[in-house]
$ cat data33.pdb   # PDB, C-alpha atoms
ATOM      1  CA  MET A 148     104.510  93.837 132.360
ATOM      2  CA  LEU A 149     105.979  94.306 128.879
ATOM      3  CA  LYS A 150     109.685  94.076 128.213
ATOM      4  CA  LYS A 151     110.225  93.909 124.462
ATOM      5  CA  ILE A 152     107.808  95.125 121.810
ATOM      6  CA  LEU A 153     108.105  94.413 118.090
ATOM      7  CA  VAL A 154     105.970  96.123 115.454
ATOM      8  CA  GLY A 155     105.445  94.764 111.956
ATOM      9  CA  LEU A 156     106.079  97.786 109.758
ATOM     10  CA  ASP A 157     105.431  97.421 106.037
ATOM     11  CA  GLY A 158     104.706 101.068 105.363
ATOM     12  CA  SER A 159     100.938 100.601 105.067
ATOM     13  CA  LYS A 160      98.478 102.883 106.841
ATOM     14  CA  HIS A 161      97.526  99.977 109.123
ATOM     15  CA  SER A 162     101.107  99.352 110.120
ATOM     16  CA  PHE A 163     101.570 102.971 111.177
ATOM     17  CA  LYS A 164      98.441 102.692 113.294
ATOM     18  CA  ALA A 165      99.973  99.610 114.904
ATOM     19  CA  LEU A 166     103.158 101.573 115.572
ATOM     20  CA  GLU A 167     101.146 104.385 117.164
ATOM     21  CA  GLU A 168      99.533 101.982 119.661
ATOM     22  CA  ALA A 169     102.842 100.263 120.323
ATOM     23  CA  LEU A 170     104.414 103.619 121.154
ATOM     24  CA  VAL A 171     101.694 104.377 123.700
ATOM     25  CA  LEU A 172     102.242 100.976 125.333
ATOM     26  CA  ALA A 173     105.992 101.559 125.321
ATOM     27  CA  VAL A 174     105.611 104.909 127.078
ATOM     28  CA  LEU A 175     103.510 103.214 129.771
ATOM     29  CA  ALA A 176     105.971 100.392 130.246
ATOM     30  CA  GLY A 177     109.012 102.655 129.879
ATOM     31  CA  ILE A 178     110.646 100.523 127.192
ATOM     32  CA  GLU A 179     111.917 100.879 123.636
ATOM     33  CA  VAL A 180     110.118  99.766 120.479
ATOM     34  CA  HIS A 181     111.576  97.670 117.693
ATOM     35  CA  THR A 182     110.141  97.567 114.192
ATOM     36  CA  ILE A 183     110.598  94.912 111.557
ATOM     37  CA  SER A 184     110.205  95.456 107.826
ATOM     38  CA  VAL A 185     110.513  92.500 105.517
ATOM     39  CA  GLU A 186     111.687  92.762 101.950
ATOM     40  CA  GLU A 187     110.510  90.171  99.499
ATOM     41  CA  VAL A 188     112.965  89.814  96.655
ATOM     42  CA  PRO A 189     111.850  88.268  93.348
ATOM     43  CA  ARG A 190     111.969  84.497  93.535
ATOM     44  CA  PHE A 191     112.359  83.793  89.864
ATOM     45  CA  PRO A 192     114.462  86.629  88.461
ATOM     46  CA  GLY A 193     115.738  86.551  84.907
ATOM     47  CA  THR A 194     119.001  88.231  85.794
ATOM     48  CA  ILE A 195     120.813  89.093  89.000
ATOM     49  CA  GLY A 196     120.336  92.729  88.067
ATOM     50  CA  GLU A 197     116.623  92.299  88.615
ATOM     51  CA  VAL A 198     117.206  91.241  92.235
ATOM     52  CA  VAL A 199     119.614  94.092  92.850
ATOM     53  CA  GLU A 200     117.211  96.590  91.370
ATOM     54  CA  GLU A 201     114.282  95.261  93.387
ATOM     55  CA  LYS A 202     116.348  95.348  96.562
ATOM     56  CA  GLU A 203     117.412  98.926  95.948
ATOM     57  CA  ALA A 204     113.805  99.964  95.415
ATOM     58  CA  ALA A 205     112.778  98.243  98.668
ATOM     59  CA  ASP A 206     115.660  99.833 100.574
ATOM     60  CA  THR A 207     114.620 103.306  99.457
ATOM     61  CA  ARG A 208     110.995 102.575 100.262
ATOM     62  CA  PHE A 209     111.748 101.302 103.744
ATOM     63  CA  GLY A 210     114.166 104.167 104.272
ATOM     64  CA  THR A 211     111.281 106.633 104.010
ATOM     65  CA  VAL A 212     109.018 104.416 106.117
ATOM     66  CA  ILE A 213     111.600 104.064 108.868
ATOM     67  CA  ALA A 214     112.360 107.783 108.871
ATOM     68  CA  LYS A 215     108.672 108.458 109.439
ATOM     69  CA  ALA A 216     108.531 105.815 112.195
ATOM     70  CA  GLU A 217     111.561 107.321 113.919
ATOM     71  CA  LYS A 218     109.939 110.723 113.878
ATOM     72  CA  MET A 219     106.733 109.335 115.433
ATOM     73  CA  ALA A 220     108.774 107.656 118.165
ATOM     74  CA  ALA A 221     110.823 110.775 118.837
ATOM     75  CA  ASP A 222     107.622 112.806 119.220
ATOM     76  CA  ARG A 223     106.582 110.500 122.029
ATOM     77  CA  GLY A 224     110.062 110.290 123.504
ATOM     78  CA  VAL A 225     110.457 106.587 122.757
ATOM     79  CA  GLN A 226     113.640 104.886 121.531
ATOM     80  CA  LEU A 227     113.061 103.104 118.235
ATOM     81  CA  LYS A 228     115.200 100.430 116.676
ATOM     82  CA  ALA A 229     114.360  99.458 113.087
ATOM     83  CA  HIS A 230     115.221  96.099 111.548
ATOM     84  CA  VAL A 231     115.013  95.321 107.840
ATOM     85  CA  LEU A 232     115.208  91.677 106.808
ATOM     86  CA  VAL A 233     114.864  89.749 103.592
ATOM     87  CA  GLY A 234     112.535  86.785 103.184
ATOM     88  CA  HIS A 235     108.930  85.684 103.512
ATOM     89  CA  GLU A 236     106.957  88.091 105.704
ATOM     90  CA  VAL A 237     105.365  85.671 108.168
ATOM     91  CA  LYS A 238     108.252  83.254 108.408
ATOM     92  CA  THR A 239     110.820  86.007 108.889
ATOM     93  CA  ILE A 240     108.828  87.797 111.583
ATOM     94  CA  VAL A 241     108.028  84.605 113.514
ATOM     95  CA  GLU A 242     111.670  83.529 113.476
ATOM     96  CA  PHE A 243     112.836  86.990 114.492
ATOM     97  CA  VAL A 244     110.429  87.020 117.463
ATOM     98  CA  GLU A 245     111.619  83.580 118.553
ATOM     99  CA  GLU A 246     115.271  84.491 118.222
ATOM    100  CA  LYS A 247     115.092  87.816 120.065
ATOM    101  CA  GLY A 248     112.457  86.842 122.623
ATOM    102  CA  TYR A 249     109.902  89.623 122.179
ATOM    103  CA  ASP A 250     106.883  89.363 124.444
ATOM    104  CA  LEU A 251     104.501  91.413 122.322
ATOM    105  CA  LEU A 252     104.064  91.618 118.572
ATOM    106  CA  VAL A 253     101.909  94.466 117.277
ATOM    107  CA  VAL A 254     100.498  94.247 113.759
ATOM    108  CA  GLY A 255      97.988  96.177 111.703
ATOM    109  CA  PHE A 256      94.900  94.553 110.295
ATOM    110  CA  MET A 257      94.041  94.570 106.657
ATOM    111  CA  GLY A 258      90.775  92.879 105.854
ATOM    112  CA  HIS A 259      90.325  90.598 102.886
ATOM    113  CA  SER A 260      87.259  88.788 101.637
ATOM    114  CA  ALA A 261      86.196  85.548 103.316
ATOM    115  CA  ILE A 262      87.223  83.523 100.275
ATOM    116  CA  PHE A 263      90.662  85.131  99.986
ATOM    117  CA  ASP A 264      91.262  84.588 103.684
ATOM    118  CA  ARG A 265      90.179  80.980 103.550
ATOM    119  CA  ILE A 266      92.495  80.179 100.677
ATOM    120  CA  MET A 267      95.494  82.414 101.203
ATOM    121  CA  GLY A 268      95.153  83.480 104.814
ATOM    122  CA  GLY A 269      96.020  87.033 105.756
ATOM    123  CA  THR A 270      99.537  87.892 106.907
ATOM    124  CA  CYS A 271      98.159  89.084 110.198
ATOM    125  CA  GLN A 272      96.110  85.918 110.733
ATOM    126  CA  SER A 273      99.106  83.721 110.063
ATOM    127  CA  LEU A 274     101.086  85.791 112.541
ATOM    128  CA  VAL A 275      98.366  85.420 115.173
ATOM    129  CA  ARG A 276      98.559  81.678 114.730
ATOM    130  CA  LEU A 277     102.292  81.184 114.443
ATOM    131  CA  ALA A 278     103.902  83.874 116.609
ATOM    132  CA  PRO A 279     105.322  82.461 119.853
ATOM    133  CA  CYS A 280     104.273  85.554 121.818
ATOM    134  CA  THR A 281     101.174  87.611 122.521
ATOM    135  CA  VAL A 282      99.893  89.442 119.443
ATOM    136  CA  LEU A 283      98.030  92.744 119.318
ATOM    137  CA  VAL A 284      96.032  93.254 116.132
ATOM    138  CA  VAL A 285      95.323  96.945 115.642
ATOM    139  CA  LYS A 286      92.362  98.054 113.549
TER     140      LYS A 286
ATOM    141  CA  MET B  47      94.395 105.135 124.606
ATOM    142  CA  TYR B  48      92.032 102.349 125.745
ATOM    143  CA  LYS B  49      88.918 103.451 127.586
ATOM    144  CA  LYS B  50      86.777 100.304 127.482
ATOM    145  CA  ILE B  51      88.357  96.864 127.564
ATOM    146  CA  LEU B  52      86.488  93.603 127.036
ATOM    147  CA  VAL B  53      88.008  90.266 127.962
ATOM    148  CA  ALA B  54      86.609  86.985 126.659
ATOM    149  CA  PHE B  55      86.538  84.632 129.636
ATOM    150  CA  ASP B  56      85.397  81.012 129.393
ATOM    151  CA  GLY B  57      87.313  79.595 132.333
ATOM    152  CA  SER B  58      89.974  77.940 130.158
ATOM    153  CA  GLU B  59      93.650  78.313 130.975
ATOM    154  CA  GLY B  60      94.203  80.602 128.000
ATOM    155  CA  SER B  61      91.333  82.847 129.016
ATOM    156  CA  ARG B  62      92.729  83.134 132.571
ATOM    157  CA  LYS B  63      95.969  84.453 131.112
ATOM    158  CA  ALA B  64      93.959  86.875 128.993
ATOM    159  CA  LEU B  65      92.068  88.034 132.073
ATOM    160  CA  THR B  66      95.300  88.719 133.959
ATOM    161  CA  ARG B  67      96.615  90.744 131.031
ATOM    162  CA  ALA B  68      93.340  92.656 130.662
ATOM    163  CA  VAL B  69      93.311  93.574 134.354
ATOM    164  CA  LYS B  70      96.855  94.942 134.100
ATOM    165  CA  LEU B  71      96.024  96.942 130.976
ATOM    166  CA  ALA B  72      92.840  98.292 132.546
ATOM    167  CA  ARG B  73      94.846  99.486 135.517
ATOM    168  CA  ALA B  74      97.578 101.025 133.367
ATOM    169  CA  PHE B  75      95.077 102.894 131.189
ATOM    170  CA  ASP B  76      92.575 103.502 133.968
ATOM    171  CA  ALA B  77      90.015 101.891 131.664
ATOM    172  CA  GLU B  78      86.598 100.390 132.223
ATOM    173  CA  LEU B  79      86.886  96.582 132.309
ATOM    174  CA  HIS B  80      84.191  94.101 131.302
ATOM    175  CA  SER B  81      84.323  90.350 130.876
ATOM    176  CA  ILE B  82      82.131  88.271 128.597
ATOM    177  CA  SER B  83      81.354  84.576 128.825
ATOM    178  CA  VAL B  84      79.299  82.901 126.145
ATOM    179  CA  GLU B  85      76.992  79.991 126.873
ATOM    180  CA  VAL B  86      77.548  78.054 123.696
ATOM    181  CA  ASP B  87      75.972  74.670 124.012
ATOM    182  CA  LEU B  88      72.465  75.049 125.254
ATOM    183  CA  PRO B  89      70.423  72.168 123.816
ATOM    184  CA  GLN B  90      68.693  73.024 120.571
ATOM    185  CA  TYR B  91      66.375  70.010 120.449
ATOM    186  CA  VAL B  92      64.696  69.056 123.703
ATOM    187  CA  ALA B  93      61.775  66.771 124.520
ATOM    188  CA  THR B  94      60.474  68.872 127.385
ATOM    189  CA  VAL B  95      60.973  72.427 128.602
ATOM    190  CA  GLY B  96      62.234  70.937 131.888
ATOM    191  CA  GLU B  97      65.200  69.436 130.073
ATOM    192  CA  PHE B  98      66.252  72.825 128.751
ATOM    193  CA  ASP B  99      65.755  74.485 132.126
ATOM    194  CA  GLU B 100      67.909  71.902 133.836
ATOM    195  CA  VAL B 101      70.830  72.354 131.454
ATOM    196  CA  LYS B 102      70.439  76.106 131.648
ATOM    197  CA  ARG B 103      70.520  75.968 135.456
ATOM    198  CA  GLN B 104      73.713  73.925 135.468
ATOM    199  CA  LYS B 105      75.347  76.332 133.031
ATOM    200  CA  ASP B 106      74.221  79.350 135.018
ATOM    201  CA  GLU B 107      75.854  77.942 138.144
ATOM    202  CA  TYR B 108      79.083  77.387 136.252
ATOM    203  CA  PHE B 109      79.064  80.932 134.911
ATOM    204  CA  GLU B 110      78.247  82.447 138.288
ATOM    205  CA  GLY B 111      81.415  80.792 139.559
ATOM    206  CA  LEU B 112      83.357  82.192 136.602
ATOM    207  CA  ASN B 113      82.026  85.681 137.107
ATOM    208  CA  LYS B 114      82.982  85.632 140.750
ATOM    209  CA  GLU B 115      86.466  84.434 139.896
ATOM    210  CA  ALA B 116      86.930  87.234 137.352
ATOM    211  CA  VAL B 117      85.605  89.942 139.659
ATOM    212  CA  ASP B 118      87.816  88.741 142.526
ATOM    213  CA  LEU B 119      90.922  88.577 140.377
ATOM    214  CA  ALA B 120      90.368  92.137 139.175
ATOM    215  CA  LYS B 121      89.564  93.378 142.656
ATOM    216  CA  ALA B 122      92.857  91.963 143.944
ATOM    217  CA  GLU B 123      94.595  94.352 141.523
ATOM    218  CA  GLY B 124      92.337  97.228 142.466
ATOM    219  CA  VAL B 125      90.310  97.158 139.251
ATOM    220  CA  SER B 126      86.538  96.872 139.100
ATOM    221  CA  LEU B 127      85.202  94.404 136.559
ATOM    222  CA  THR B 128      81.670  94.042 135.223
ATOM    223  CA  PRO B 129      80.925  90.461 134.123
ATOM    224  CA  HIS B 130      78.456  89.551 131.384
ATOM    225  CA  VAL B 131      77.079  86.190 130.310
ATOM    226  CA  VAL B 132      75.349  85.846 126.960
ATOM    227  CA  ALA B 133      73.994  82.853 125.084
ATOM    228  CA  GLY B 134      74.857  82.164 121.474
ATOM    229  CA  HIS B 135      77.718  81.430 119.124
ATOM    230  CA  ALA B 136      81.053  82.419 120.677
ATOM    231  CA  VAL B 137      82.522  84.621 117.918
ATOM    232  CA  ASP B 138      79.206  86.082 116.851
ATOM    233  CA  SER B 139      78.125  87.010 120.370
ATOM    234  CA  ILE B 140      81.448  88.569 121.326
ATOM    235  CA  VAL B 141      81.732  90.627 118.140
ATOM    236  CA  TYR B 142      78.146  91.836 118.546
ATOM    237  CA  PHE B 143      78.690  92.699 122.200
ATOM    238  CA  CYS B 144      81.896  94.510 121.336
ATOM    239  CA  LYS B 145      80.124  96.652 118.757
ATOM    240  CA  GLN B 146      77.152  97.401 120.987
ATOM    241  CA  GLY B 147      79.294  98.409 123.935
ATOM    242  CA  ARG B 148      81.762 100.383 121.775
ATOM    243  CA  PHE B 149      84.768  98.692 123.307
ATOM    244  CA  ASP B 150      88.168  99.723 122.027
ATOM    245  CA  LEU B 151      90.167  96.649 122.998
ATOM    246  CA  LEU B 152      89.250  92.976 123.077
ATOM    247  CA  VAL B 153      91.550  90.609 124.977
ATOM    248  CA  THR B 154      91.364  86.887 124.304
ATOM    249  CA  GLY B 155      93.325  83.707 124.950
ATOM    250  CA  PHE B 156      94.775  81.469 122.270
ATOM    251  CA  THR B 157      94.214  77.780 121.617
ATOM    252  CA  GLY B 158      96.125  76.334 118.740
ATOM    253  CA  HIS B 159      94.431  73.902 116.413
ATOM    254  CA  SER B 160      95.782  71.948 113.482
ATOM    255  CA  ARG B 161      96.037  73.566 110.099
ATOM    256  CA  ILE B 162      93.250  71.454 108.657
ATOM    257  CA  TYR B 163      90.917  72.150 111.561
ATOM    258  CA  GLU B 164      91.540  75.859 111.268
ATOM    259  CA  ARG B 165      91.110  75.901 107.539
ATOM    260  CA  ILE B 166      87.665  74.383 107.895
ATOM    261  CA  TRP B 167      86.438  75.789 111.188
ATOM    262  CA  GLY B 168      88.763  78.650 111.961
ATOM    263  CA  GLY B 169      90.008  79.190 115.493
ATOM    264  CA  VAL B 170      87.888  81.329 117.788
ATOM    265  CA  SER B 171      90.694  83.797 118.500
ATOM    266  CA  ARG B 172      91.524  83.986 114.815
ATOM    267  CA  ASN B 173      87.952  84.699 113.861
ATOM    268  CA  LEU B 174      87.738  87.275 116.623
ATOM    269  CA  ALA B 175      90.846  88.967 115.245
ATOM    270  CA  ARG B 176      89.154  89.089 111.886
ATOM    271  CA  PHE B 177      85.636  90.163 112.765
ATOM    272  CA  SER B 178      86.113  92.325 115.837
ATOM    273  CA  PRO B 179      85.385  96.011 115.292
ATOM    274  CA  CYS B 180      88.246  97.028 117.607
ATOM    275  CA  ALA B 181      91.860  96.104 118.333
ATOM    276  CA  VAL B 182      92.363  92.522 119.540
ATOM    277  CA  LEU B 183      95.061  91.276 121.874
ATOM    278  CA  ILE B 184      95.659  87.528 121.629
ATOM    279  CA  GLU B 185      97.414  86.429 124.781
ATOM    280  CA  LYS B 186      99.728  83.418 124.467
TER     281      LYS B 186
END

$ encode --input "data33.pdb" --output "structure tokens"
Amino acid sequence: MLKKILVGLDGSKHSFKALEEALVLAVLAGIEVHTISVEEVPRFPGTIGEVVEEKEAADTRFGTVIAKAEKMAADRGVQLKAHVLVGHEVKTIVEFVEEKGYDLLVVGFMGHSAIFDRIMGGTCQSLVRLAPCTVLVVK
Amino acid sequence: MYKKILVAFDGSEGSRKALTRAVKLARAFDAELHSISVEVDLPQYVATVGEFDEVKRQKDEYFEGLNKEAVDLAKAEGVSLTPHVVAGHAVDSIVYFCKQGRFDLLVTGFTGHSRIYERIWGGVSRNLARFSPCAVLIEK
């Protein structure tokens, strides 16, 4: 039924919950799980050093996150492949799904207020709308 | 992981895809499967009671057909499905039903609308993703 699963992993509690559910689905389907973490680098930096510094911080942060994810996968006996990309969260994930042909995207849900959602839209809501594949929103 | 699955089924193409997915998941997890259809446009202003009854009867016939279709589709895969029909607002009714029945997965289809439409009205699947008490799978 499922062939390729991608999990949006930003290191938040919700994203680890999403990973947990994805791992269970992967065990059932007998497939591997891919995760995607997106780094947002400063758009208006004063110096190039600022970008480099920000990127280094993100790399270290995602390093810890991915290590934890790999351990969770190993505990369940699932192969995990982690991807780290740079760009806008929604745009990068949607393009990555299109390019690699995933058939399920699993994301965590983080609630905002009605007003915030109406104006900004949540990351997860934008993904639900724009992703080319089936989306599982984990709460 | 999933013990009770609810699938939103209104007879649209998207909801048929959702139903197929829900049946497969229910089988894989050996979960209880329920479907929900919401009667959304019962007349709110009628001249006579007869008028309301007539519309209601027509709708009921339509939903009986839907229920049968859902039950048969599930049965073909060896899954038993319990259909429900409720009257009300689509998102509201489904979220309420989901909470009451303590479901742990809601499966729904997806219909894309324009950005403007969604900003004002919000899509049903999008609002379900937001307000549902449990995990939501939006089938595309």

$ closest_residue --input "data33.pdb" --among "A:Val233, A:Leu175, A:Leu274, A:Val253" --to "Val182 in chain B" --atoms "all atoms listed in the file"
A:Val253

$ closest_residue --input "data33.pdb" --among "B:His80, B:Lys49, B:Leu71, B:Gly57" --to "chain A" --atoms "all atoms listed in the file"
B:Leu71

$ interface_residues --input "data33.pdb" --of "chain B" --to "chain A" --cutoff "6 Å" --atoms "only C-alpha atoms" --output "number ranges by chain"
B: 180-186

$ resolve_selection --input "data33.pdb" --expression "the PyMOL selection byres ((chain A and resi 179-181) around 12)" --output "ChimeraX atom specification"
/A:149-156,165-178,182-184,213,216-217,219-221,223-231,240,243-244,247-253

$ resolve_selection --input "data33.pdb" --expression "the PyMOL selection byres ((chain B and resi 131) around 8)" --output "list in words"
Ile82, Ser83, Val84, Glu85, Phe109, Pro129, His130, Val132 and Ala133 of chain B

$ residues_near_point --input "data33.pdb" --point "(96.4, 77.4, 120.8)" --cutoff "9 Å" --atoms "all atoms listed in the file" --output "ChimeraX atom specification"
/A:276 /B:60,155-159,169,171,186

$ resolve_selection --input "data33.pdb" --expression "the PyMOL selection byres ((chain B and resi 149) around 9)" --output "count of residues only"
16

$ axis_aligned_box --input "data33.pdb" --around "range 54-69 of chain B" --padding-each-side "8 Å" --output "lines of an AutoDock Vina configuration file"
center_x = 91.0
center_y = 85.8
center_z = 130.5
size_x = 27.2
size_y = 31.6
size_z = 23.7

$ atom_distance --input "data33.pdb" --atom1 "CA of Ala72 in chain B" --atom2 "CA of Leu119 in chain B"
12.6 Å

$ atom_distance --input "data33.pdb" --atom1 "CA of Ala54 in chain B" --atom2 "CA of Val241 in chain A"
25.2 Å

$ atom_distance --input "data33.pdb" --atom1 "CA of Gly124 in chain B" --atom2 "CA of Ser58 in chain B"
23.0 Å

$ residues_around --input "data33.pdb" --residues "Pro189 in chain A" --least-positions-apart "2" --cutoff "8 Å" --atoms "only C-alpha atoms" --output "JSON, numbers by chain"
{"A": [187, 191, 192, 197, 198, 201]}
